[in-house]
file upload_4.cif (mmCIF, C-alpha atoms)
data_start
loop_
_atom_site.group_PDB
_atom_site.id
_atom_site.type_symbol
_atom_site.label_atom_id
_atom_site.label_comp_id
_atom_site.auth_asym_id
_atom_site.auth_seq_id
_atom_site.Cartn_x
_atom_site.Cartn_y
_atom_site.Cartn_z
ATOM 1 C CA MET A 11 -26.666 14.530 -9.106
ATOM 2 C CA ARG A 12 -26.718 12.377 -5.984
ATOM 3 C CA ILE A 13 -23.676 12.861 -3.775
ATOM 4 C CA LEU A 14 -22.155 10.843 -0.952
ATOM 5 C CA CYS A 15 -19.231 12.303 1.006
ATOM 6 C CA ILE A 16 -17.005 9.571 2.469
ATOM 7 C CA VAL A 17 -15.125 11.187 5.340
ATOM 8 C CA ASN A 18 -12.170 9.713 7.199
ATOM 9 C CA ARG A 19 -11.986 12.033 10.201
ATOM 10 C CA THR A 20 -8.751 10.466 11.446
ATOM 11 C CA ALA A 21 -6.797 11.103 8.218
ATOM 12 C CA GLY A 22 -3.893 13.491 8.520
ATOM 13 C CA ALA A 23 -3.932 13.203 12.322
ATOM 14 C CA GLY A 24 -7.333 14.910 12.414
ATOM 15 C CA ARG A 25 -6.792 17.409 9.583
ATOM 16 C CA ALA A 26 -9.528 15.712 7.552
ATOM 17 C CA SER A 27 -12.003 16.321 10.360
ATOM 18 C CA LYS A 28 -11.256 20.054 10.288
ATOM 19 C CA ALA A 29 -11.448 20.120 6.501
ATOM 20 C CA TRP A 30 -14.832 18.415 6.547
ATOM 21 C CA ASP A 31 -16.189 20.848 9.129
ATOM 22 C CA ALA A 32 -15.090 23.690 6.839
ATOM 23 C CA VAL A 33 -16.953 22.375 3.782
ATOM 24 C CA ALA A 34 -19.947 20.635 5.355
ATOM 25 C CA PRO A 35 -22.280 23.647 4.874
ATOM 26 C CA ALA A 36 -21.376 23.890 1.174
ATOM 27 C CA MET A 37 -21.980 20.170 0.653
ATOM 28 C CA ALA A 38 -25.279 20.414 2.537
ATOM 29 C CA ARG A 39 -26.395 23.040 0.011
ATOM 30 C CA LEU A 40 -25.755 20.440 -2.687
ATOM 31 C CA LYS A 41 -27.961 18.033 -0.697
ATOM 32 C CA ALA A 42 -25.006 15.707 -0.253
ATOM 33 C CA GLU A 43 -25.214 12.833 2.183
ATOM 34 C CA VAL A 44 -22.282 11.910 4.410
ATOM 35 C CA ALA A 45 -20.820 8.704 5.799
ATOM 36 C CA PHE A 46 -17.901 8.533 8.218
ATOM 37 C CA THR A 47 -15.384 5.707 8.089
ATOM 38 C CA GLY A 48 -14.662 3.867 11.291
ATOM 39 C CA ALA A 49 -12.125 1.239 10.310
ATOM 40 C CA PRO A 50 -9.575 0.421 7.588
ATOM 41 C CA GLY A 51 -11.284 -0.690 4.391
ATOM 42 C CA GLU A 52 -14.625 0.835 5.291
ATOM 43 C CA ALA A 53 -14.445 3.503 2.574
ATOM 44 C CA THR A 54 -14.441 0.694 -0.009
ATOM 45 C CA THR A 55 -17.555 -0.830 1.543
ATOM 46 C CA LEU A 56 -19.290 2.550 1.686
ATOM 47 C CA ALA A 57 -18.409 3.325 -1.941
ATOM 48 C CA ARG A 58 -19.638 -0.053 -3.160
ATOM 49 C CA ARG A 59 -22.889 0.362 -1.240
ATOM 50 C CA ALA A 60 -23.318 3.886 -2.610
ATOM 51 C CA CYS A 61 -22.938 2.635 -6.182
ATOM 52 C CA ALA A 62 -25.601 -0.002 -5.548
ATOM 53 C CA ASP A 63 -27.889 2.632 -4.016
ATOM 54 C CA GLY A 64 -27.754 4.928 -7.040
ATOM 55 C CA PHE A 65 -25.305 7.622 -5.974
ATOM 56 C CA THR A 66 -23.636 9.326 -8.934
ATOM 57 C CA HIS A 67 -20.824 11.279 -7.212
ATOM 58 C CA LEU A 68 -18.530 10.268 -4.350
ATOM 59 C CA LEU A 69 -16.338 12.787 -2.520
ATOM 60 C CA ALA A 70 -13.425 11.208 -0.636
ATOM 61 C CA VAL A 71 -12.413 13.439 2.285
ATOM 62 C CA GLY A 72 -9.052 12.334 3.676
ATOM 63 C CA GLY A 73 -5.686 11.288 2.373
ATOM 64 C CA ASP A 74 -4.402 9.050 -0.380
ATOM 65 C CA GLY A 75 -5.540 6.019 1.591
ATOM 66 C CA THR A 76 -9.137 7.268 1.671
ATOM 67 C CA ALA A 77 -9.095 7.989 -2.067
ATOM 68 C CA HIS A 78 -7.529 4.572 -2.696
ATOM 69 C CA GLU A 79 -10.198 2.772 -0.705
ATOM 70 C CA THR A 80 -13.006 4.778 -2.291
ATOM 71 C CA VAL A 81 -11.936 4.131 -5.885
ATOM 72 C CA ASN A 82 -11.723 0.418 -5.088
ATOM 73 C CA GLY A 83 -15.413 0.447 -4.210
ATOM 74 C CA ILE A 84 -16.610 2.188 -7.382
ATOM 75 C CA ASP A 85 -18.068 -0.444 -9.680
ATOM 76 C CA ARG A 86 -20.161 1.697 -12.044
ATOM 77 C CA PRO A 87 -18.486 3.627 -14.895
ATOM 78 C CA ASP A 88 -20.867 6.591 -14.529
ATOM 79 C CA VAL A 89 -19.881 7.292 -10.908
ATOM 80 C CA ALA A 90 -17.454 10.216 -10.521
ATOM 81 C CA LEU A 91 -14.787 10.474 -7.822
ATOM 82 C CA GLY A 92 -14.053 13.780 -6.102
ATOM 83 C CA VAL A 93 -11.168 14.253 -3.679
ATOM 84 C CA LEU A 94 -10.774 16.706 -0.819
ATOM 85 C CA PRO A 95 -7.114 16.150 0.126
ATOM 86 C CA ALA A 96 -6.583 16.298 3.884
ATOM 87 C CA GLY A 97 -4.225 13.447 4.699
ATOM 88 C CA THR A 98 -0.522 12.948 5.281
ATOM 89 C CA GLY A 99 0.817 12.832 1.726
ATOM 90 C CA ASN A 100 -1.982 13.923 -0.649
ATOM 91 C CA ASP A 101 0.089 12.847 -3.628
ATOM 92 C CA PHE A 102 -2.818 12.054 -5.924
ATOM 93 C CA ALA A 103 -4.284 15.533 -5.512
ATOM 94 C CA ARG A 104 -0.848 16.970 -6.274
ATOM 95 C CA SER A 105 -0.493 14.909 -9.465
ATOM 96 C CA ALA A 106 -4.048 15.689 -10.594
ATOM 97 C CA GLY A 107 -3.702 19.411 -9.877
ATOM 98 C CA LEU A 108 -6.488 19.438 -7.304
ATOM 99 C CA PRO A 109 -6.612 22.291 -4.765
ATOM 100 C CA PHE A 110 -5.582 21.610 -1.170
ATOM 101 C CA GLN A 111 -7.589 24.418 0.439
ATOM 102 C CA PRO A 112 -10.917 22.878 1.568
ATOM 103 C CA GLN A 113 -13.292 25.496 0.171
ATOM 104 C CA ALA A 114 -11.434 25.524 -3.167
ATOM 105 C CA ALA A 115 -11.596 21.729 -3.305
ATOM 106 C CA VAL A 116 -15.417 21.797 -3.325
ATOM 107 C CA ALA A 117 -16.010 25.079 -5.184
ATOM 108 C CA GLY A 118 -18.144 24.654 -8.276
ATOM 109 C CA LEU A 119 -18.688 20.919 -7.883
ATOM 110 C CA GLU A 120 -22.291 21.467 -8.949
ATOM 111 C CA LEU A 121 -20.968 22.238 -12.470
ATOM 112 C CA ASP A 122 -20.020 18.548 -12.742
ATOM 113 C CA ARG A 123 -16.672 19.080 -14.490
ATOM 114 C CA ARG A 124 -15.056 15.744 -15.245
ATOM 115 C CA ARG A 125 -11.739 14.288 -16.371
ATOM 116 C CA SER A 126 -10.945 10.692 -17.315
ATOM 117 C CA VAL A 127 -7.701 9.319 -15.847
ATOM 118 C CA ASP A 128 -6.050 5.924 -15.794
ATOM 119 C CA LEU A 129 -6.025 3.486 -12.916
ATOM 120 C CA GLY A 130 -3.263 1.083 -12.048
ATOM 121 C CA LEU A 131 -3.899 -2.501 -11.008
ATOM 122 C CA CYS A 132 -1.913 -4.579 -8.548
ATOM 123 C CA GLY A 133 -3.551 -7.958 -8.938
ATOM 124 C CA ASP A 134 -7.193 -6.918 -8.723
ATOM 125 C CA ARG A 135 -6.542 -3.917 -6.434
ATOM 126 C CA ARG A 136 -6.763 -0.543 -8.142
ATOM 127 C CA PHE A 137 -4.305 2.231 -7.396
ATOM 128 C CA LEU A 138 -4.242 5.923 -8.232
ATOM 129 C CA ASN A 139 -0.618 6.871 -7.528
ATOM 130 C CA VAL A 140 2.213 4.359 -7.347
ATOM 131 C CA ALA A 141 2.549 0.672 -6.566
ATOM 132 C CA GLY A 142 5.687 -1.340 -6.135
ATOM 133 C CA ALA A 143 7.772 -3.973 -4.451
ATOM 134 C CA GLY A 144 10.726 -3.826 -2.094
ATOM 135 C CA PHE A 145 12.088 -1.003 0.032
ATOM 136 C CA ASP A 146 9.220 1.453 -0.484
ATOM 137 C CA ALA A 147 6.641 -1.188 0.406
ATOM 138 C CA GLU A 148 8.545 -1.983 3.592
ATOM 139 C CA VAL A 149 8.593 1.737 4.445
ATOM 140 C CA ALA A 150 4.816 1.780 3.955
ATOM 141 C CA ARG A 151 4.408 -1.240 6.224
ATOM 142 C CA LEU A 152 6.335 0.449 9.032
ATOM 143 C CA ILE A 153 4.469 3.740 8.663
ATOM 144 C CA ASN A 154 1.077 2.044 8.645
ATOM 145 C CA ALA A 155 1.981 0.236 11.861
ATOM 146 C CA GLY A 156 2.814 3.433 13.738
ATOM 147 C CA PRO A 157 1.270 6.815 14.567
ATOM 148 C CA ARG A 158 1.043 9.387 11.775
ATOM 149 C CA LYS A 159 1.079 12.861 13.282
ATOM 150 C CA SER A 160 3.415 14.681 10.928
ATOM 151 C CA ARG A 161 2.546 16.369 7.665
ATOM 152 C CA GLY A 162 3.866 15.579 4.221
ATOM 153 C CA ALA A 163 7.070 13.689 3.631
ATOM 154 C CA LEU A 164 8.533 13.746 7.140
ATOM 155 C CA PRO A 165 7.282 10.335 8.324
ATOM 156 C CA TYR A 166 8.295 8.726 5.031
ATOM 157 C CA VAL A 167 11.791 10.197 5.042
ATOM 158 C CA ALA A 168 12.412 9.402 8.707
ATOM 159 C CA THR A 169 11.277 5.807 8.234
ATOM 160 C CA ALA A 170 13.294 5.393 5.031
ATOM 161 C CA VAL A 171 16.471 6.692 6.691
ATOM 162 C CA SER A 172 16.059 4.286 9.596
ATOM 163 C CA LEU A 173 15.284 1.336 7.311
ATOM 164 C CA ALA A 174 18.250 2.054 5.014
ATOM 165 C CA PHE A 175 20.692 0.638 7.562
ATOM 166 C CA ARG A 176 19.009 -2.745 7.847
ATOM 167 C CA TYR A 177 17.182 -3.425 4.587
ATOM 168 C CA ARG A 178 18.684 -6.091 2.336
ATOM 169 C CA SER A 179 18.016 -5.964 -1.412
ATOM 170 C CA GLU A 180 16.868 -9.141 -3.145
ATOM 171 C CA THR A 181 17.164 -10.377 -6.726
ATOM 172 C CA LEU A 182 13.863 -9.809 -8.523
ATOM 173 C CA GLY A 183 12.624 -11.057 -11.863
ATOM 174 C CA LEU A 184 10.662 -8.526 -13.894
ATOM 175 C CA ASN A 185 8.699 -9.046 -17.089
ATOM 176 C CA LEU A 186 7.779 -5.741 -18.755
ATOM 177 C CA ASP A 187 5.402 -6.271 -21.690
ATOM 178 C CA GLY A 188 7.230 -9.501 -22.522
ATOM 179 C CA HIS A 189 10.756 -8.189 -21.929
ATOM 180 C CA SER A 190 12.378 -10.071 -19.032
ATOM 181 C CA LEU A 191 15.206 -9.069 -16.733
ATOM 182 C CA SER A 192 16.612 -10.225 -13.409
ATOM 183 C CA GLN A 193 18.705 -8.142 -11.042
ATOM 184 C CA PRO A 194 19.258 -7.196 -7.409
ATOM 185 C CA CYS A 195 16.685 -4.512 -6.566
ATOM 186 C CA LEU A 196 16.234 -2.112 -3.718
ATOM 187 C CA LEU A 197 12.808 -1.381 -5.162
ATOM 188 C CA ALA A 198 10.707 -1.462 -8.290
ATOM 189 C CA ALA A 199 8.047 1.265 -8.488
ATOM 190 C CA PHE A 200 5.209 1.445 -11.008
ATOM 191 C CA GLY A 201 3.665 4.872 -11.386
ATOM 192 C CA ASN A 202 0.250 5.809 -12.673
ATOM 193 C CA ALA A 203 1.014 9.219 -11.136
ATOM 194 C CA GLN A 204 4.358 10.757 -10.304
ATOM 195 C CA ALA A 205 4.708 10.759 -6.539
ATOM 196 C CA TYR A 206 4.250 9.031 -3.226
ATOM 197 C CA GLY A 207 5.403 9.671 0.320
ATOM 198 C CA GLY A 208 4.334 13.305 0.427
ATOM 199 C CA GLY A 209 5.978 14.581 -2.746
ATOM 200 C CA MET A 210 8.673 12.006 -3.529
ATOM 201 C CA ARG A 211 8.645 12.011 -7.340
ATOM 202 C CA ILE A 212 9.704 8.426 -7.849
ATOM 203 C CA CYS A 213 8.157 8.339 -11.363
ATOM 204 C CA PRO A 214 8.643 11.972 -12.420
ATOM 205 C CA ARG A 215 7.613 11.461 -16.054
ATOM 206 C CA ALA A 216 4.360 9.645 -15.311
ATOM 207 C CA SER A 217 1.087 10.913 -16.740
ATOM 208 C CA LEU A 218 -2.386 10.146 -15.433
ATOM 209 C CA ASP A 219 -3.851 9.714 -18.897
ATOM 210 C CA ASP A 220 -1.256 8.097 -21.182
ATOM 211 C CA GLY A 221 -2.380 4.480 -20.778
ATOM 212 C CA LEU A 222 1.018 3.426 -19.391
ATOM 213 C CA LEU A 223 2.744 2.740 -16.099
ATOM 214 C CA ASP A 224 6.131 4.364 -15.591
ATOM 215 C CA VAL A 225 8.667 1.910 -14.175
ATOM 216 C CA CYS A 226 11.480 3.018 -11.873
ATOM 217 C CA ILE A 227 13.925 0.304 -10.830
ATOM 218 C CA VAL A 228 16.591 1.008 -8.223
ATOM 219 C CA GLY A 229 19.363 -1.582 -8.083
ATOM 220 C CA GLY A 230 20.723 -3.303 -5.012
ATOM 221 C CA ILE A 231 22.479 -0.393 -3.330
ATOM 222 C CA GLY A 232 23.757 -0.007 0.226
ATOM 223 C CA SER A 233 22.768 2.365 2.989
ATOM 224 C CA GLY A 234 25.156 5.162 2.050
ATOM 225 C CA HIS A 235 23.954 5.195 -1.526
ATOM 226 C CA ILE A 236 20.318 5.130 -0.356
ATOM 227 C CA LEU A 237 20.896 8.175 1.847
ATOM 228 C CA ARG A 238 22.539 10.076 -1.011
ATOM 229 C CA LEU A 239 19.781 9.139 -3.450
ATOM 230 C CA LEU A 240 16.821 9.872 -1.189
ATOM 231 C CA PRO A 241 16.890 13.706 -1.343
ATOM 232 C CA THR A 242 17.130 13.696 -5.142
ATOM 233 C CA VAL A 243 13.800 11.883 -5.463
ATOM 234 C CA PHE A 244 11.860 14.983 -4.420
ATOM 235 C CA LEU A 245 13.014 16.779 -7.583
ATOM 236 C CA GLY A 246 12.973 13.700 -9.798
ATOM 237 C CA ARG A 247 16.732 13.936 -10.232
ATOM 238 C CA HIS A 248 17.387 10.348 -9.151
ATOM 239 C CA LEU A 249 16.934 9.204 -12.768
ATOM 240 C CA SER A 250 20.521 10.220 -13.539
ATOM 241 C CA ASP A 251 21.902 7.903 -10.862
ATOM 242 C CA ARG A 252 23.810 4.871 -12.168
ATOM 243 C CA ALA A 253 21.709 2.531 -10.010
ATOM 244 C CA VAL A 254 18.375 3.713 -11.477
ATOM 245 C CA SER A 255 16.706 2.534 -14.672
ATOM 246 C CA TYR A 256 13.464 3.952 -16.045
ATOM 247 C CA ARG A 257 10.998 2.799 -18.686
ATOM 248 C CA GLN A 258 7.277 2.353 -19.382
ATOM 249 C CA ALA A 259 5.015 -0.684 -19.683
ATOM 250 C CA ARG A 260 1.392 -1.723 -19.779
ATOM 251 C CA ALA A 261 1.758 -5.029 -17.937
ATOM 252 C CA ILE A 262 4.431 -6.060 -15.434
ATOM 253 C CA GLU A 263 5.060 -9.308 -13.602
ATOM 254 C CA VAL A 264 7.439 -9.363 -10.643
ATOM 255 C CA THR A 265 8.826 -12.495 -9.018
ATOM 256 C CA GLY A 266 11.132 -12.938 -6.058
ATOM 257 C CA PRO A 267 11.133 -14.016 -2.424
ATOM 258 C CA ALA A 268 7.733 -13.963 -0.755
ATOM 259 C CA SER A 269 9.297 -11.858 2.002
ATOM 260 C CA VAL A 270 9.579 -8.895 -0.404
ATOM 261 C CA ALA A 271 6.605 -6.670 0.388
ATOM 262 C CA VAL A 272 4.218 -5.307 -2.250
ATOM 263 C CA HIS A 273 2.167 -2.132 -1.928
ATOM 264 C CA ALA A 274 -0.376 -0.104 -3.881
ATOM 265 C CA ASP A 275 -0.841 3.549 -2.893
ATOM 266 C CA GLY A 276 0.996 2.788 0.337
ATOM 267 C CA GLU A 277 -1.363 -0.053 1.282
ATOM 268 C CA VAL A 278 0.683 -3.234 1.814
ATOM 269 C CA LEU A 279 -0.927 -6.141 -0.028
ATOM 270 C CA GLY A 280 1.397 -9.002 0.904
ATOM 271 C CA GLY A 281 4.498 -10.288 -0.843
ATOM 272 C CA LEU A 282 5.763 -11.439 -4.225
ATOM 273 C CA PRO A 283 4.901 -12.627 -6.812
ATOM 274 C CA ALA A 284 2.708 -9.799 -8.110
ATOM 275 C CA ARG A 285 1.256 -8.506 -11.366
ATOM 276 C CA PHE A 286 0.780 -4.834 -12.223
ATOM 277 C CA SER A 287 -1.134 -3.347 -15.141
ATOM 278 C CA VAL A 288 -3.015 -0.238 -16.258
ATOM 279 C CA LEU A 289 -6.689 0.458 -16.963
ATOM 280 C CA PRO A 290 -6.736 3.402 -19.400
ATOM 281 C CA GLY A 291 -9.366 6.040 -18.658
ATOM 282 C CA ALA A 292 -11.018 3.864 -16.019
ATOM 283 C CA CYS A 293 -11.520 6.596 -13.398
ATOM 284 C CA THR A 294 -13.758 9.644 -13.811
ATOM 285 C CA LEU A 295 -12.547 12.535 -11.660
ATOM 286 C CA TRP A 296 -15.107 15.039 -10.402
ATOM 287 C CA LEU A 297 -13.372 18.394 -10.525
ATOM 288 C CA PRO A 298 -13.926 21.690 -8.705
ATOM 289 C CA SER A 299 -14.108 24.929 -10.672
ATOM 290 C CA PRO A 300 -10.716 26.068 -11.960
ATOM 291 C CA GLY A 301 -10.885 29.123 -9.680
#

call {"tool": "encode", "arguments": {"input": "upload_4.cif", "output": "structure tokens"}}
result
Amino acid sequence: MRILCIVNRTAGAGRASKAWDAVAPAMARLKAEVAFTGAPGEATTLARRACADGFTHLLAVGGDGTAHETVNGIDRPDVALGVLPAGTGNDFARSAGLPFQPQAAVAGLELDRRRSVDLGLCGDRRFLNVAGAGFDAEVARLINAGPRKSRGALPYVATAVSLAFRYRSETLGLNLDGHSLSQPCLLAAFGNAQAYGGGMRICPRASLDDGLLDVCIVGGIGSGHILRLLPTVFLGRHLSDRAVSYRQARAIEVTGPASVAVHADGEVLGGLPARFSVLPGACTLWLPSPG
């Protein structure tokens, strides 16, 4: 077992730094090496280099962005991904049932417990949680451009409320496993896992290991409707809304204006058109002891 810990000290407004300090002695006992990220995208570079250098286990210490970058650098099927969640949203850890307390997140890692889970693809970019196009991607763009000092869902909700009054839905074309539709859309979300934005269960029926993406489409609604719908997403109750449709697919193509933003795990990747798909069992999770 050869371990590299990829630590984003700035994640979660410094919470990842404190989490790492709490577990560093335990990881040292496992003879783990450590690398600190210094810029966006660096975790991907570090993970790719680690795979080339023969590391077998990578521990991403940070938020969903750190885990997203790390999994995009893993290019060997035998390399396992561990996650110590210490960011703003930590939605992947929540979906995977991983502990949030730092010591619990690394307890028993030497036992090398593993679980195979699916990965989503947006183009050639992998994602762990949710990808999509439209309103949620624009929220992600605004959040990524500003300071992130609050925990959990607060920055997402505040940004979404502000954006609701000026965002204009566009007509999107969607092809879901060969079935085509066209409609005005506030957003189209494609879930490998259930949640984004610090617990917003946009795809509440999604499973990490079913070989499918859950598809949540919200029609072209106005600001008042957005504000009424937003709180229901946390409990997954938005599916009963008349503007929401829900289904599953393995491959999705989305077309529309290039100005419609596209994201994967909250990382904005540009605009439409975009293709989304699933890689069944493509990620090996490195799990702590069940406690």

call {"tool": "atom_distance", "arguments": {"input": "upload_4.cif", "atom1": "atom CA of A:Gly64", "atom2": "atom CA of A:Arg12"}}
result
7.6 Å

call {"tool": "resolve_selection", "arguments": {"input": "upload_4.cif", "expression": "the PyMOL selection byres ((chain A and resi 231) around 8)", "output": "list in words"}}
result
Ser179, Cys195, Leu196, Val228, Gly229, Gly230, Gly232, Ser233, His235, Ile236 and Ala253 of chain A

call {"tool": "write_last_selection", "arguments": {"input": "upload_4.cif", "atoms": "C-alpha atoms", "output": "compact mmCIF listing (two decimals), in the coordinates of the input"}}
result
# COMPACT_ATOMS: atom_id res chain seq x y z
CA SER A 179 18.02 -5.96 -1.41
CA CYS A 195 16.68 -4.51 -6.57
CA LEU A 196 16.23 -2.11 -3.72
CA VAL A 228 16.59 1.01 -8.22
CA GLY A 229 19.36 -1.58 -8.08
CA GLY A 230 20.72 -3.30 -5.01
CA GLY A 232 23.76 -0.01 0.23
CA SER A 233 22.77 2.37 2.99
CA HIS A 235 23.95 5.20 -1.53
CA ILE A 236 20.32 5.13 -0.36
CA ALA A 253 21.71 2.53 -10.01

call {"tool": "resolve_selection", "arguments": {"input": "upload_4.cif", "expression": "the PyMOL selection byres ((chain A and resi 300) around 9)", "output": "list in words"}}
result
Ala114, Ala117, Gly118, Leu297, Pro298, Ser299 and Gly301 of chain A

call {"tool": "axis_aligned_box", "arguments": {"input": "upload_4.cif", "around": "stretch 114-121 of chain A", "padding_each_side": "3 Å", "output": "JSON"}}
result
{"center_x": -16.9, "center_y": 23.2, "center_z": -7.8, "size_x": 16.9, "size_y": 10.6, "size_z": 15.3}

call {"tool": "resolve_selection", "arguments": {"input": "upload_4.cif", "expression": "the PyMOL selection byres ((chain A and resi 296) around 8)", "output": "PyMOL selection string"}}
result
chain A and resi 67+90-93+119+122-125+294-295+297-298

call {"tool": "closest_residue", "arguments": {"input": "upload_4.cif", "among": "A:Ile16, A:Ala32, A:Leu182, A:Cys132", "to": "A:Glu79", "atoms": "only C-alpha atoms"}}
result
A:Ile16
